file work-v1.txt (compact mmCIF, C-alpha atoms and all ligand atoms)
# COMPACT_ATOMS: atom_id res chain seq x y z
CA MET A 1 0.00 0.00 0.00
CA ASP A 2 1.01 3.60 -0.71
CA ASN A 3 3.21 4.71 2.22
CA LYS A 4 1.17 7.87 2.74
CA ILE A 5 -1.69 5.69 3.94
CA ILE A 6 -1.66 4.54 7.55
CA ASP A 7 -2.92 1.01 7.07
CA GLY A 8 -4.91 0.21 10.20
CA LYS A 9 -6.03 -3.09 8.78
CA ALA A 10 -2.44 -4.33 8.30
CA VAL A 11 -1.32 -3.06 11.73
CA SER A 12 -4.34 -4.64 13.39
CA GLU A 13 -3.62 -7.98 11.67
CA GLN A 14 -0.06 -7.85 12.99
CA ILE A 15 -1.31 -7.14 16.54
CA LYS A 16 -3.85 -9.96 16.23
CA LYS A 17 -1.01 -12.35 15.39
CA GLU A 18 0.87 -11.19 18.50
CA ILE A 19 -2.23 -11.67 20.66
CA ALA A 20 -2.97 -15.09 19.13
CA ALA A 21 0.59 -16.22 19.95
CA GLU A 22 0.17 -15.12 23.58
CA VAL A 23 -3.21 -16.84 23.86
CA ALA A 24 -1.80 -20.06 22.39
CA ASP A 25 1.05 -19.88 24.91
CA MET A 26 -1.42 -19.49 27.79
CA ILE A 27 -3.36 -22.52 26.60
CA ASP A 28 -0.13 -24.53 26.23
CA HIS A 29 0.59 -23.72 29.87
CA GLY A 30 -2.83 -24.96 30.97
CA ILE A 31 -4.25 -21.46 31.47
CA ALA A 32 -7.78 -20.83 30.17
CA ALA A 33 -8.06 -18.66 27.06
CA PRO A 34 -9.07 -15.06 27.88
CA HIS A 35 -12.84 -14.74 27.94
CA LEU A 36 -14.64 -11.60 26.71
CA ALA A 37 -18.38 -11.24 27.21
CA ALA A 38 -20.70 -8.70 25.63
CA VAL A 39 -24.19 -7.62 26.58
CA ILE A 40 -26.47 -6.27 23.90
CA VAL A 41 -29.93 -4.91 24.62
CA GLY A 42 -32.56 -4.51 21.91
CA GLU A 43 -32.39 -4.77 18.16
CA ASP A 44 -30.21 -1.84 17.06
CA GLY A 45 -28.64 -2.90 13.73
CA ALA A 46 -25.31 -1.09 14.19
CA SER A 47 -24.91 -2.51 17.73
CA LYS A 48 -25.55 -6.03 16.44
CA THR A 49 -22.90 -5.54 13.73
CA TYR A 50 -20.35 -4.26 16.28
CA VAL A 51 -20.98 -7.13 18.68
CA ALA A 52 -20.75 -9.69 15.86
CA SER A 53 -17.40 -8.30 14.72
CA LYS A 54 -16.07 -8.31 18.29
CA GLU A 55 -17.15 -11.94 18.63
CA LYS A 56 -15.46 -12.85 15.34
CA ALA A 57 -12.25 -11.04 16.36
CA CYS A 58 -12.18 -12.94 19.68
CA HIS A 59 -12.41 -16.27 17.91
CA SER A 60 -9.74 -15.27 15.38
CA VAL A 61 -7.15 -14.98 18.20
CA GLY A 62 -8.32 -18.04 20.14
CA MET A 63 -10.18 -16.15 22.87
CA THR A 64 -13.52 -17.28 24.26
CA SER A 65 -16.49 -14.99 23.74
CA SER A 66 -20.03 -15.01 25.00
CA VAL A 67 -22.85 -12.71 24.09
CA TYR A 68 -25.85 -12.00 26.31
CA ARG A 69 -28.76 -10.77 24.19
CA LEU A 70 -31.48 -9.03 26.17
CA PRO A 71 -34.81 -7.64 24.95
CA GLU A 72 -35.49 -3.92 24.54
CA SER A 73 -37.92 -4.20 27.48
CA THR A 74 -35.10 -5.12 29.93
CA THR A 75 -35.42 -3.01 33.08
CA GLU A 76 -32.61 -1.10 34.75
CA LYS A 77 -32.80 -3.52 37.69
CA GLU A 78 -32.42 -6.49 35.33
CA MET A 79 -29.43 -4.79 33.69
CA LEU A 80 -27.81 -4.20 37.07
CA ASP A 81 -28.43 -7.84 37.97
CA MET A 82 -26.73 -8.88 34.74
CA VAL A 83 -23.74 -6.67 35.57
CA GLU A 84 -23.51 -8.22 39.03
CA PHE A 85 -23.64 -11.70 37.52
CA LEU A 86 -20.80 -10.85 35.11
CA ASN A 87 -18.77 -9.16 37.86
CA ASN A 88 -18.94 -12.36 39.89
CA ASP A 89 -18.45 -14.94 37.14
CA PRO A 90 -14.83 -16.08 37.60
CA GLU A 91 -14.69 -17.43 34.06
CA ILE A 92 -15.22 -14.02 32.47
CA ASP A 93 -12.09 -11.87 32.35
CA GLY A 94 -13.67 -8.78 30.85
CA TYR A 95 -16.94 -7.61 29.37
CA ILE A 96 -18.57 -4.80 27.53
CA ILE A 97 -22.06 -3.37 27.59
CA GLN A 98 -22.82 -2.38 24.01
CA LEU A 99 -24.09 1.21 23.92
CA PRO A 100 -26.50 2.84 23.46
CA LEU A 101 -28.85 1.27 26.00
CA PRO A 102 -32.61 1.87 25.73
CA LYS A 103 -33.59 5.30 27.03
CA HIS A 104 -35.34 3.95 30.15
CA ILE A 105 -32.00 2.62 31.46
CA ASP A 106 -29.49 4.99 33.09
CA GLU A 107 -26.30 4.23 31.13
CA ASN A 108 -24.01 5.89 33.67
CA LYS A 109 -25.44 3.85 36.50
CA VAL A 110 -25.02 0.59 34.60
CA ILE A 111 -21.51 1.36 33.32
CA ASN A 112 -20.29 2.40 36.74
CA ALA A 113 -21.57 -0.84 38.25
CA ILE A 114 -19.00 -2.74 36.12
CA LYS A 115 -16.11 -4.00 38.21
CA PRO A 116 -13.15 -1.84 37.06
CA SER A 117 -10.96 -4.93 36.66
CA LYS A 118 -13.41 -6.29 34.06
CA ASP A 119 -14.15 -2.94 32.38
CA VAL A 120 -12.22 -3.65 29.18
CA ASP A 121 -13.95 -0.75 27.40
CA GLY A 122 -12.43 1.60 29.98
CA PHE A 123 -15.74 3.45 30.40
CA THR A 124 -16.12 3.39 34.22
CA SER A 125 -15.27 6.52 36.21
CA VAL A 126 -12.55 4.51 37.97
CA ASN A 127 -10.71 3.66 34.75
CA ALA A 128 -11.30 7.14 33.29
CA GLY A 129 -9.92 8.73 36.47
CA ARG A 130 -6.91 6.43 36.53
CA MET A 131 -6.18 7.26 32.89
CA GLN A 132 -6.34 10.97 33.70
CA LEU A 133 -3.77 10.43 36.48
CA GLY A 134 -1.56 8.16 34.36
CA HIS A 135 -2.19 5.13 36.60
CA PRO A 136 -2.60 1.58 35.29
CA CYS A 137 -6.07 1.32 33.72
CA PHE A 138 -8.06 0.10 30.76
CA ILE A 139 -7.95 2.80 28.10
CA PRO A 140 -11.00 3.10 25.81
CA ALA A 141 -10.46 1.07 22.67
CA THR A 142 -10.59 3.77 20.00
CA PRO A 143 -8.07 6.21 21.50
CA ASN A 144 -5.87 3.30 22.57
CA GLY A 145 -5.98 1.95 18.99
CA ILE A 146 -5.06 5.37 17.60
CA MET A 147 -2.06 5.65 19.95
CA GLU A 148 -0.89 2.21 18.86
CA LEU A 149 -1.36 3.14 15.19
CA ILE A 150 0.60 6.36 15.64
CA LYS A 151 3.45 4.56 17.42
CA ARG A 152 3.65 1.69 14.96
CA SER A 153 3.50 4.02 11.94
CA GLY A 154 6.55 5.92 13.18
CA VAL A 155 4.69 9.22 13.55
CA GLU A 156 6.79 11.64 15.63
CA THR A 157 4.79 13.18 18.51
CA VAL A 158 7.31 14.93 20.78
CA GLY A 159 6.73 18.68 20.72
CA LYS A 160 4.21 18.39 17.88
CA ASN A 161 0.96 20.31 17.75
CA VAL A 162 -1.98 17.95 17.98
CA VAL A 163 -5.49 19.21 17.33
CA VAL A 164 -8.33 16.89 18.38
CA LEU A 165 -11.72 17.69 16.85
CA GLY A 166 -14.38 16.44 19.28
CA ARG A 167 -14.50 16.06 23.06
CA SER A 168 -16.61 12.95 23.65
CA ASN A 169 -15.81 10.78 26.66
CA ILE A 170 -15.02 7.80 24.48
CA VAL A 171 -12.84 9.42 21.83
CA GLY A 172 -11.92 13.14 21.91
CA THR A 173 -11.26 13.64 25.62
CA PRO A 174 -9.18 10.49 26.22
CA MET A 175 -7.33 11.19 22.96
CA ALA A 176 -6.33 14.65 24.18
CA ILE A 177 -5.17 13.25 27.53
CA LEU A 178 -3.12 10.47 25.96
CA MET A 179 -1.43 12.72 23.42
CA SER A 180 -0.29 15.11 26.16
CA ARG A 181 1.19 12.33 28.36
CA LYS A 182 4.89 12.27 29.21
CA GLY A 183 6.65 10.16 26.63
CA ILE A 184 4.23 11.21 23.91
CA ASP A 185 4.78 14.88 24.71
CA ALA A 186 2.55 16.55 22.16
CA THR A 187 0.98 19.97 22.69
CA VAL A 188 -2.74 19.44 22.46
CA THR A 189 -5.70 21.62 21.51
CA MET A 190 -9.18 20.15 21.75
CA CYS A 191 -11.99 21.64 19.64
CA HIS A 192 -15.77 21.21 19.93
CA SER A 193 -18.97 22.70 18.61
CA ARG A 194 -18.42 26.02 20.45
CA THR A 195 -14.84 26.49 19.21
CA LYS A 196 -14.26 29.74 17.33
CA ASN A 197 -12.04 29.72 14.22
CA LEU A 198 -11.86 25.94 14.14
CA PRO A 199 -10.38 25.79 10.59
CA GLU A 200 -7.60 28.19 11.65
CA ILE A 201 -6.79 26.05 14.72
CA ALA A 202 -6.91 22.85 12.66
CA ARG A 203 -4.38 24.35 10.25
CA GLN A 204 -1.85 24.61 13.12
CA ALA A 205 -1.91 20.85 13.60
CA ASP A 206 1.03 18.62 12.83
CA ILE A 207 -1.33 15.78 13.76
CA LEU A 208 -5.04 16.35 13.20
CA ILE A 209 -7.48 13.89 14.76
CA ALA A 210 -11.07 14.16 13.55
CA ALA A 211 -13.73 12.67 15.82
CA ILE A 212 -16.78 14.86 15.39
CA GLY A 213 -19.27 12.61 13.63
CA LYS A 214 -19.83 14.83 10.57
CA GLN A 215 -19.10 13.21 7.25
CA GLY A 216 -16.44 15.02 5.17
CA PHE A 217 -16.15 17.87 7.71
CA VAL A 218 -12.37 18.22 7.43
CA THR A 219 -11.56 19.75 4.06
CA ALA A 220 -8.13 20.27 2.50
CA ASP A 221 -8.03 23.98 3.40
CA MET A 222 -8.20 22.99 7.12
CA VAL A 223 -5.04 20.90 6.90
CA LYS A 224 -1.45 22.13 7.06
CA PRO A 225 0.60 20.70 4.17
CA GLY A 226 2.52 17.70 5.50
CA ALA A 227 0.23 17.09 8.50
CA VAL A 228 -0.71 13.60 9.68
CA VAL A 229 -4.49 13.14 9.56
CA ILE A 230 -6.33 10.56 11.66
CA ASP A 231 -9.98 10.05 10.71
CA VAL A 232 -12.13 8.48 13.43
CA GLY A 233 -15.51 9.10 11.79
CA ILE A 234 -17.72 6.27 10.57
CA HIS A 235 -20.67 7.10 8.32
CA ARG A 236 -22.72 4.68 6.31
CA ILE A 237 -23.59 6.44 3.05
CA GLU A 238 -26.06 5.02 0.53
CA ASP A 239 -24.25 3.94 -2.62
CA ALA A 240 -26.17 2.13 -5.34
CA SER A 241 -22.92 1.17 -7.12
CA SER A 242 -21.68 -0.84 -4.12
CA PRO A 243 -22.84 -4.48 -3.75
CA LYS A 244 -23.87 -3.74 -0.14
CA GLY A 245 -25.87 -0.68 -1.22
CA TYR A 246 -23.76 1.60 1.00
CA LYS A 247 -20.20 2.68 1.56
CA ILE A 248 -18.40 3.75 4.73
CA MET A 249 -16.93 7.25 4.89
CA GLY A 250 -15.18 9.30 7.55
CA ASP A 251 -15.12 12.80 9.03
CA VAL A 252 -12.42 13.78 6.53
CA ASP A 253 -12.83 14.65 2.86
CA TYR A 254 -10.35 11.90 2.05
CA ASP A 255 -9.65 12.49 -1.66
CA GLU A 256 -8.81 16.17 -1.22
CA VAL A 257 -7.05 15.91 2.17
CA TYR A 258 -4.92 13.03 0.88
CA LYS A 259 -3.24 15.52 -1.48
CA VAL A 260 -1.98 17.78 1.34
CA ALA A 261 -1.37 15.32 4.20
CA SER A 262 1.93 13.49 4.70
CA LYS A 263 0.06 10.53 6.17
CA ILE A 264 -3.63 9.73 6.47
CA THR A 265 -5.85 6.94 7.78
CA PRO A 266 -8.41 5.65 5.26
CA VAL A 267 -12.04 4.90 6.11
CA PRO A 268 -12.65 2.02 6.19
CA GLY A 269 -9.39 0.28 7.09
CA GLY A 270 -7.83 2.91 9.36
CA VAL A 271 -8.97 3.49 12.92
CA GLY A 272 -11.88 1.00 12.81
CA PRO A 273 -9.88 -2.26 12.84
CA MET A 274 -7.60 -0.85 15.55
CA THR A 275 -10.57 -0.29 17.86
CA ILE A 276 -11.50 -3.97 17.88
CA VAL A 277 -7.93 -5.09 18.33
CA SER A 278 -7.53 -2.75 21.31
CA LEU A 279 -10.47 -4.43 22.97
CA LEU A 280 -8.70 -7.76 22.51
CA GLN A 281 -5.50 -6.28 23.98
CA ASN A 282 -7.45 -5.07 27.01
CA THR A 283 -9.07 -8.50 27.41
CA LEU A 284 -5.66 -10.17 27.31
CA LYS A 285 -4.39 -7.73 29.96
CA ALA A 286 -7.47 -8.45 32.10
CA ALA A 287 -6.90 -12.19 31.84
CA LYS A 288 -3.24 -11.82 32.79
CA GLY A 289 -4.05 -9.47 35.67
CA GLU A 290 -1.72 -6.85 34.19
CA VAL A 291 -3.84 -3.82 35.07
CA TYR A 292 -5.55 -5.02 38.26
CA PRO A 293 -4.17 -8.00 40.15
CA LYS A 294 -6.23 -11.16 39.68
P1 LIG B 301 -19.98 12.35 19.71
O1 LIG B 301 -20.15 11.79 21.06
O2 LIG B 301 -21.16 12.72 18.89
O3 LIG B 301 -19.04 13.63 19.84
C1 LIG B 301 -18.82 14.49 18.76
C2 LIG B 301 -17.97 15.65 19.19
O4 LIG B 301 -17.75 16.47 18.06
C3 LIG B 301 -18.58 16.51 20.27
O5 LIG B 301 -17.59 16.86 21.22
C4 LIG B 301 -19.07 17.73 19.51
O6 LIG B 301 -18.99 18.94 20.25
C5 LIG B 301 -18.10 17.80 18.35
N1 LIG B 301 -18.71 18.42 17.19
C6 LIG B 301 -19.86 18.06 16.58
N2 LIG B 301 -20.10 18.90 15.56
C7 LIG B 301 -19.09 19.80 15.52
C8 LIG B 301 -18.79 20.91 14.71
N3 LIG B 301 -19.56 21.28 13.68
N4 LIG B 301 -17.66 21.59 14.97
C9 LIG B 301 -16.87 21.24 15.98
N5 LIG B 301 -17.10 20.20 16.80
C10 LIG B 301 -18.20 19.49 16.56
O7 LIG B 301 -19.12 11.38 18.77
P2 LIG B 301 -18.01 10.27 19.12
O8 LIG B 301 -18.66 9.12 19.82
O9 LIG B 301 -16.81 10.90 19.71
O10 LIG B 301 -17.68 9.78 17.64
C11 LIG B 301 -17.17 10.66 16.63
C12 LIG B 301 -17.14 9.93 15.30
O11 LIG B 301 -16.29 8.81 15.43
C13 LIG B 301 -18.50 9.35 14.86
O12 LIG B 301 -18.55 9.40 13.44
C14 LIG B 301 -18.44 7.91 15.31
O13 LIG B 301 -19.24 7.06 14.53
C15 LIG B 301 -16.99 7.62 15.11
N6 LIG B 301 -16.43 6.55 15.96
C16 LIG B 301 -15.61 5.67 15.34
C17 LIG B 301 -15.00 4.68 16.07
C18 LIG B 301 -14.08 3.74 15.35
O14 LIG B 301 -13.84 2.65 15.82
N7 LIG B 301 -13.54 4.16 14.21
C19 LIG B 301 -15.23 4.56 17.44
C20 LIG B 301 -16.05 5.51 18.07
C21 LIG B 301 -16.64 6.51 17.31
P3 LIG B 301 -19.87 19.25 21.57
O15 LIG B 301 -19.23 18.45 22.66
O16 LIG B 301 -19.71 20.70 21.74
O17 LIG B 301 -21.26 18.79 21.25
call {"tool": "encode", "arguments": {"input": "work-v1.txt", "output": "structure tokens"}}
result
Amino acid sequence: MDNKIIDGKAVSEQIKKEIAAEVADMIDHGIAAPHLAAVIVGEDGASKTYVASKEKACHSVGMTSSVYRLPESTTEKEMLDMVEFLNNDPEIDGYIIQLPLPKHIDENKVINAIKPSKDVDGFTSVNAGRMQLGHPCFIPATPNGIMELIKRSGVETVGKNVVVLGRSNIVGTPMAILMSRKGIDATVTMCHSRTKNLPEIARQADILIAAIGKQGFVTADMVKPGAVVIDVGIHRIEDASSPKGYKIMGDVDYDEVYKVASKITPVPGGVGPMTIVSLLQNTLKAAKGEVYPK
């Protein structure tokens, strides 16, 4: 592949091989394969797709996976009971609650009932707080995957200007924290919907990370020539010419930005595959007791 393109698919395949080797070694030593569970509530199509791909990824590296499918009518109490059951099941190393939950369930309450040592999505306040302080923790999969992609693609970060577009708890905010950590040492600006002169700020970026959820938002005139561009966005766009009837596009106007960037992640095949692999990395860490002692 063209060396301007940061190939998340290839990097994620390499990491999967590394994980599979570790899992095989555990099994050879009589240790149970890491076990990731997922809870999905209701019939949301995108959620079902995500959970299916997580399940498939688990199997591809020799991990065990289980999926608990609950009806849309599940009550908050039933959800909390499920969380308690998973917290106490010694065979499950880590689990995720696929979001969004139905509106009648308080997501925060459910997420924060997850035992931090099994919170492989890194969404509990405990793991978020530990990340903020630089303590051992589970880092949310997408920002963790981006950090791994940046490191493995040889992108220099020390002293660089990083602009993060978006401040969500699962992408933008952790991304900004991680990029400013000692050892990474970037200077970070985080933008959101109330930011003034966003294009001007974006143009200062040596590394521009787009996580705003607006298809094609980042245009070539917002990118400094030679910048590295990381596109987190996922948008399913109708496309009659594609066999699936849709194509996946990002937050970046890829064709135009490609011409000015020094490196860029494609969509699909950039950040997406790294997100799933990060979840597997967190599950492996959970099984080995690397973040919290077993
Ligand atoms: P989100 O929770 O909707 O957050 C979007 C952020 O972008 C918010 O902070 C919002 O600002 C900001 N924003 C929205 N419109 C803006 C505008 N016009 N100008 C400046 N800032 C704007 O989204 P998210 O969960 O972080 O996800 C972002 C994108 O990444 C989505 O396309 C999502 O599908 C994708 N995603 C991909 C992966 C992956 O694996 N590749 C994983 C997670 C998410 P305010 O805070 O001011 O509202």
call {"tool": "residues_around", "arguments": {"input": "work-v1.txt", "residues": "Gln132 of chain A", "least_positions_apart": "2", "cutoff": "12 Å", "atoms": "only C-alpha atoms", "output": "list in words"}}
result
Gly122, Ser125, Val126, Asn127, Ala128, Gly129, Arg130, Gly134, His135, Pro136, Cys137, Phe138, Ile139, Asn169, Thr173, Pro174, Met175, Ala176, Ile177, Leu178, Met179, Ser180 and Arg181 of chain A
call {"tool": "residues_near_ligand", "arguments": {"input": "work-v1.txt", "ligand": "ligand LIG 301 (chain B)", "cutoff": "8 Å", "atoms": "only C-alpha atoms and all ligand atoms", "output": "PyMOL selection string"}}
result
chain A and resi 141-142+165-172+191-195+198+210-215+217+231-235+250-251+270-276
call {"tool": "residues_near_point", "arguments": {"input": "work-v1.txt", "point": "(-17.5, -11.1, 37.3)", "cutoff": "12 Å", "atoms": "only C-alpha atoms", "output": "PDB file with C-alpha atoms, keeping the file's coordinate frame"}}
result
ATOM      1  CA  HIS A  35     -12.840 -14.740  27.940  1.00  0.00           C
ATOM      2  CA  LEU A  36     -14.640 -11.600  26.710  1.00  0.00           C
ATOM      3  CA  ALA A  37     -18.380 -11.240  27.210  1.00  0.00           C
ATOM      4  CA  ASP A  81     -28.430  -7.840  37.970  1.00  0.00           C
ATOM      5  CA  MET A  82     -26.730  -8.880  34.740  1.00  0.00           C
ATOM      6  CA  VAL A  83     -23.740  -6.670  35.570  1.00  0.00           C
ATOM      7  CA  GLU A  84     -23.510  -8.220  39.030  1.00  0.00           C
ATOM      8  CA  PHE A  85     -23.640 -11.700  37.520  1.00  0.00           C
ATOM      9  CA  LEU A  86     -20.800 -10.850  35.110  1.00  0.00           C
ATOM     10  CA  ASN A  87     -18.770  -9.160  37.860  1.00  0.00           C
ATOM     11  CA  ASN A  88     -18.940 -12.360  39.890  1.00  0.00           C
ATOM     12  CA  ASP A  89     -18.450 -14.940  37.140  1.00  0.00           C
ATOM     13  CA  PRO A  90     -14.830 -16.080  37.600  1.00  0.00           C
ATOM     14  CA  GLU A  91     -14.690 -17.430  34.060  1.00  0.00           C
ATOM     15  CA  ILE A  92     -15.220 -14.020  32.470  1.00  0.00           C
ATOM     16  CA  ASP A  93     -12.090 -11.870  32.350  1.00  0.00           C
ATOM     17  CA  GLY A  94     -13.670  -8.780  30.850  1.00  0.00           C
ATOM     18  CA  TYR A  95     -16.940  -7.610  29.370  1.00  0.00           C
ATOM     19  CA  ILE A  96     -18.570  -4.800  27.530  1.00  0.00           C
ATOM     20  CA  ALA A 113     -21.570  -0.840  38.250  1.00  0.00           C
ATOM     21  CA  ILE A 114     -19.000  -2.740  36.120  1.00  0.00           C
ATOM     22  CA  LYS A 115     -16.110  -4.000  38.210  1.00  0.00           C
ATOM     23  CA  PRO A 116     -13.150  -1.840  37.060  1.00  0.00           C
ATOM     24  CA  SER A 117     -10.960  -4.930  36.660  1.00  0.00           C
ATOM     25  CA  LYS A 118     -13.410  -6.290  34.060  1.00  0.00           C
ATOM     26  CA  ASP A 119     -14.150  -2.940  32.380  1.00  0.00           C
ATOM     27  CA  ALA A 286      -7.470  -8.450  32.100  1.00  0.00           C
ATOM     28  CA  ALA A 287      -6.900 -12.190  31.840  1.00  0.00           C
ATOM     29  CA  LYS A 294      -6.230 -11.160  39.680  1.00  0.00           C
TER      30      LYS A 294
END
call {"tool": "residues_around", "arguments": {"input": "work-v1.txt", "residues": "Lys4 of chain A", "least_positions_apart": "6", "cutoff": "9 Å", "atoms": "all atoms listed in the file", "output": "PyMOL selection string"}}
result
chain A and resi 258+261-265
call {"tool": "closest_residue", "arguments": {"input": "work-v1.txt", "among": "A:Tyr68, A:Glu13, A:Val164, A:Asp255", "to": "Glu55 of chain A", "atoms": "all atoms listed in the file"}}
result
A:Tyr68
